[in-house]
Each structure stands twice: as structure tokens, then as C-alpha cells.
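Shown next: coords-v6.cif, given as mmCIF, C-alpha atoms.
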data_protein
loop_
_atom_site.label_atom_id
_atom_site.label_comp_id
_atom_site.auth_asym_id
_atom_site.auth_seq_id
_atom_site.Cartn_x
_atom_site.Cartn_y
_atom_site.Cartn_z
CA GLN A 157 -11.87 16.70 1.55
CA LEU A 158 -9.88 13.49 1.72
CA GLN A 159 -7.24 13.35 -0.98
CA LEU A 160 -4.28 11.18 -1.90
CA VAL A 161 -1.65 12.43 -4.31
CA GLU A 162 1.07 10.26 -5.81
CA SER A 163 4.34 11.66 -7.11
CA GLY A 164 7.79 10.48 -8.12
CA GLY A 165 6.98 8.55 -11.26
CA GLY A 166 8.90 8.95 -14.48
CA LEU A 167 11.07 7.30 -17.10
CA VAL A 168 13.94 5.16 -15.87
CA GLN A 169 16.28 2.66 -17.49
CA PRO A 170 16.17 -1.02 -16.56
CA GLY A 171 18.07 -1.55 -13.34
CA GLY A 172 17.36 1.97 -12.17
CA SER A 173 15.46 3.24 -9.14
CA LEU A 174 12.55 5.49 -8.35
CA ARG A 175 10.86 6.52 -5.12
CA LEU A 176 7.15 7.09 -5.22
CA SER A 177 5.40 9.21 -2.61
CA CYS A 178 1.78 9.14 -1.53
CA SER A 179 0.79 12.29 0.31
CA ALA A 180 -2.49 12.66 2.15
CA SER A 181 -4.51 15.76 2.80
CA GLY A 182 -7.76 16.21 4.66
CA PHE A 183 -7.20 13.29 6.99
CA THR A 184 -4.65 11.79 9.36
CA LEU A 185 -2.80 9.13 7.44
CA ALA A 186 -1.66 7.45 10.65
CA TYR A 187 -5.17 6.00 11.06
CA TYR A 188 -5.08 4.33 7.65
CA ALA A 189 -3.51 1.26 6.12
CA ILE A 190 -2.04 1.98 2.70
CA GLY A 191 -1.64 -0.06 -0.42
CA TRP A 192 0.25 0.51 -3.62
CA PHE A 193 -1.35 -0.89 -6.75
CA ARG A 194 -0.38 -0.74 -10.39
CA GLN A 195 -2.06 -1.19 -13.73
CA ALA A 196 -0.27 -1.79 -16.98
CA PRO A 197 -1.95 -1.28 -20.37
CA GLY A 198 -4.27 -4.16 -21.16
CA LYS A 199 -3.80 -5.75 -17.75
CA GLU A 200 -5.81 -5.87 -14.57
CA ARG A 201 -4.88 -3.77 -11.60
CA GLU A 202 -2.61 -5.66 -9.20
CA GLY A 203 -1.53 -5.08 -5.65
CA VAL A 204 2.15 -4.33 -5.25
CA SER A 205 2.83 -3.54 -1.62
CA PHE A 206 0.86 -2.92 1.55
CA ILE A 207 1.61 -1.37 4.92
CA SER A 208 -0.33 -1.26 8.15
CA SER A 209 -1.34 2.00 9.77
CA SER A 210 1.41 1.74 12.39
CA GLY A 211 4.02 0.76 9.83
CA GLY A 212 4.76 -2.34 11.84
CA ASN A 213 3.61 -4.77 9.18
CA SER A 214 4.14 -4.77 5.44
CA ASN A 215 3.60 -7.12 2.56
CA TYR A 216 4.71 -7.45 -1.05
CA THR A 217 3.61 -9.26 -4.13
CA ASP A 218 6.12 -11.92 -5.15
CA SER A 219 7.32 -10.15 -8.27
CA VAL A 220 8.68 -7.16 -6.32
CA LYS A 221 10.02 -8.85 -3.19
CA GLY A 222 13.62 -7.89 -2.56
CA ARG A 223 13.40 -4.94 -4.98
CA PHE A 224 10.66 -2.69 -3.56
CA THR A 225 10.38 -1.29 -0.05
CA ILE A 226 7.31 0.37 1.41
CA SER A 227 7.61 2.77 4.31
CA ARG A 228 5.67 5.54 5.93
CA ASP A 229 6.30 8.75 7.81
CA ASN A 230 3.09 9.46 9.64
CA ALA A 231 4.44 12.78 10.90
CA LYS A 232 4.65 13.89 7.26
CA ASN A 233 1.38 12.20 6.30
CA THR A 234 3.25 10.38 3.55
CA VAL A 235 3.87 6.81 2.44
CA TYR A 236 6.76 5.86 0.18
CA LEU A 237 7.53 3.09 -2.26
CA GLN A 238 11.23 2.71 -2.99
CA MET A 239 11.65 0.79 -6.21
CA ASN A 240 15.08 -0.62 -7.08
CA SER A 241 16.33 -2.88 -9.87
CA LEU A 242 13.42 -1.85 -12.01
CA LYS A 243 12.39 -4.04 -14.93
CA SER A 244 10.33 -3.35 -18.01
CA ASP A 245 7.55 -5.43 -16.44
CA ASP A 246 7.26 -2.79 -13.73
CA THR A 247 5.98 -0.28 -16.27
CA ALA A 248 2.50 0.79 -15.18
CA VAL A 249 0.45 3.52 -13.59
CA TYR A 250 0.97 3.27 -9.85
CA TYR A 251 -1.80 4.16 -7.42
CA CYS A 252 -1.85 4.49 -3.68
CA ALA A 253 -4.99 3.72 -1.73
CA ALA A 254 -6.10 4.11 1.88
CA VAL A 255 -8.48 2.31 4.21
CA GLU A 256 -9.21 3.29 7.79
CA SER A 257 -7.85 0.82 10.29
CA LEU A 258 -7.85 2.72 13.57
CA GLY A 259 -7.14 0.27 16.34
CA PHE A 260 -5.73 -2.35 13.98
CA GLY A 261 -2.19 -1.10 13.70
CA LEU A 262 -0.72 -4.28 12.22
CA LEU A 263 -3.44 -5.14 9.73
CA VAL A 264 -2.64 -5.02 6.01
CA PHE A 265 -5.17 -5.16 3.18
CA ARG A 266 -4.24 -6.86 -0.08
CA ARG A 267 -7.42 -6.50 -2.17
CA ASP A 268 -8.30 -3.34 -4.04
CA TYR A 269 -11.98 -3.56 -3.06
CA GLU A 270 -10.98 -3.20 0.58
CA TYR A 271 -9.77 0.36 0.00
CA ASP A 272 -11.93 3.45 0.23
CA TYR A 273 -9.72 6.25 -1.07
CA TRP A 274 -7.52 6.35 -4.15
CA GLY A 275 -5.03 8.72 -5.69
CA GLN A 276 -4.98 9.72 -9.33
CA GLY A 277 -1.91 7.63 -10.17
CA THR A 278 1.62 8.29 -11.36
CA GLN A 279 3.19 6.79 -14.47
CA VAL A 280 6.30 4.65 -14.16
CA THR A 281 8.01 3.69 -17.40
CA VAL A 282 11.04 1.40 -17.42
CA SER A 283 12.71 1.47 -20.78
CA SER A 284 16.11 1.85 -22.38
#

Turn the structure described in the file into C-alpha cells.
Amino acid sequence: QLQLVESGGGLVQPGGSLRLSCSASGFTLAYYAIGWFRQAPGKEREGVSFISSSGGNSNYTDSVKGRFTISRDNAKNTVYLQMNSLKSDDTAVYYCAAVESLGFGLLVFRRDYEYDYWGQGTQVTVSS
């Protein structure tokens, strides 16, 4: 059974940091491109950061550039999202998603409909 599990969310003060993890079970994450998405109350889901299956290409939405870093450790079947200088606008449920991209090691996918597998989400709250 293919499963993605996010962890690392929580409550943090503005300016603080969190590292989210997306762990895969039931499949080899190295064959999949990964995306991090978030959804705040009353807002549409938005793409935050994306990484190719090889890890050689990554992409960020403008609002998190310079603050968030996506990375992956395929040996551990895990993708990370390091979030620094957090703002109240970053408050949301964060989801990781996977799409198979075997043979396309540098391809990233920015649209949620392109992804086949989703985690259950982890809450990130930025508040003083």
C-alpha cells in the first residue's frame, strides 16, 4: 500500500523555523517527484515547493523563496521542507504529494492535479 506521512508541524513564533518530513512507505520514493502544498482556512490549496525525483531540480512559489528549502534523501525514502523566517501567512495544513517520474529525473510538477498520492497533512501554525 502506497502511503505518504508528513510530520514536523507545530506551533512556532514568527521568525522561527520548522522542518517538515514526508516519509514514504510501500514504494520507492526515488522514482517519484514530490511536491509540498498547503491550505489555509478559507483559502485554496497552493503549491509551495517541488523537487524532481533525482533531487537535481527544485522550484518554489515566490512567497517562500529564500526562506524555504526542499531536499530529499532517497536512501531514507524521505523528503524534507526546511522552513525558516516563518510568518503568520505561512499558517496552513501542509501536504506532501508524489507523482511517478521514472526516467525524468529533473522534471518538477507544480500543479496539484498532476500528483497521484497525497499524505494526510500536518498543521503549521505561526503565531506569537

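Our summary of the geometry notes that atom CA of A:Asp272 is positioned 16.4 Å from atom CA of A:Tyr250.
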
**Request:** Evaluate the PyMOL selection byres ((chain A and resi 165) around 8) here and jot the selected residues down as number ranges by chain.
**Result:** A: 163-164, 166-167, 174-176, 278-281

**Item:** Output of the PyMOL selection byres ((chain A and resi 194) around 6), listed as a list in words
**Value:** Phe193, Gln195, Arg201, Glu202, Ala248, Val249, Tyr250 and Tyr251 of chain A

**Request:** Kindly resolve the PyMOL selection byres ((chain A and resi 158) around 12) on the present coordinates and return the residues as a VMD selection string.
**Result:** chain A and resid 157 159 to 161 179 to 185 188 253 to 256 272 to 275

Given the selection you just returned, output its residues as a file containing C-alpha atoms, formatted as a PDB file, in the frame of the given file.
ATOM      1  CA  GLN A 157     -11.870  16.700   1.550  1.00  0.00           C
ATOM      2  CA  GLN A 159      -7.240  13.350  -0.980  1.00  0.00           C
ATOM      3  CA  LEU A 160      -4.280  11.180  -1.900  1.00  0.00           C
ATOM      4  CA  VAL A 161      -1.650  12.430  -4.310  1.00  0.00           C
ATOM      5  CA  SER A 179       0.790  12.290   0.310  1.00  0.00           C
ATOM      6  CA  ALA A 180      -2.490  12.660   2.150  1.00  0.00           C
ATOM      7  CA  SER A 181      -4.510  15.760   2.800  1.00  0.00           C
ATOM      8  CA  GLY A 182      -7.760  16.210   4.660  1.00  0.00           C
ATOM      9  CA  PHE A 183      -7.200  13.290   6.990  1.00  0.00           C
ATOM     10  CA  THR A 184      -4.650  11.790   9.360  1.00  0.00           C
ATOM     11  CA  LEU A 185      -2.800   9.130   7.440  1.00  0.00           C
ATOM     12  CA  TYR A 188      -5.080   4.330   7.650  1.00  0.00           C
ATOM     13  CA  ALA A 253      -4.990   3.720  -1.730  1.00  0.00           C
ATOM     14  CA  ALA A 254      -6.100   4.110   1.880  1.00  0.00           C
ATOM     15  CA  VAL A 255      -8.480   2.310   4.210  1.00  0.00           C
ATOM     16  CA  GLU A 256      -9.210   3.290   7.790  1.00  0.00           C
ATOM     17  CA  ASP A 272     -11.930   3.450   0.230  1.00  0.00           C
ATOM     18  CA  TYR A 273      -9.720   6.250  -1.070  1.00  0.00           C
ATOM     19  CA  TRP A 274      -7.520   6.350  -4.150  1.00  0.00           C
ATOM     20  CA  GLY A 275      -5.030   8.720  -5.690  1.00  0.00           C
TER      21      GLY A 275
END

**Prompt:** Excluding same-chain residues fewer than 6 positions from A:Val235, what lies within 8 Å of it counting all atoms listed in the file, as an NGL selection string?
**Reply:** :A and (177-179 or 190 or 226-229)

**Message:** List as a ChimeraX atom specification the residues having at least one atom at most 7 Å from position (11.8, 1.6, -17.7) as given in the file, counting only C-alpha atoms.
**Reply:** /A:167-170,242-244,247,281-284

**Prompt:** Which polymer residues have any atom within 10 Å of an atom of A:Asn215, counting only C-alpha atoms, with same-chain residues fewer than 4 positions away left out, as a ChimeraX atom specification?
**Reply:** /A:191,203-208,221,225-226,264-266

**Message:** Between atom CA of A:Ser209 and atom CA of A:Asp245, what distance in Å does the model show, to one decimal?
**Reply:**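 Here the two named atoms are 28.7 Å from each other.
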
**Request:** Would you mind reading off the distance between atom CA of A:Tyr269 and atom CA of A:Leu237, one decimal, in Å?
**Result:** 20.6 Å

**Request:** Using only C-alpha atoms, find the one residue out of A:Gly198, A:Gly259, A:Gly222, A:Gly172 that sits nearest to A:Ser210.
**Result:**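 Smallest separation from A:Ser210 among the options: A:Gly259.
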
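Proximity of A:Met239, A:Gly277, A:Ser257, A:Ser214 to A:Ala196, computed with all atoms listed in the file, is greatest for A:Gly277.
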
**Item:** Closest of A:Tyr236, A:Tyr187, A:Phe224, A:Gly171 to A:Leu262 - atom-to-atom distances counting all atoms listed in the file
**Value:**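 Result for the nearest residue to A:Leu262: A:Tyr187.
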
**Request:** Could you check which of A:Ala186, A:Leu263, A:Val220, A:Leu258 is closest to A:Ser241, using only C-alpha atoms?
**Result:**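 For A:Ser241, the nearest of the given residues is A:Val220.
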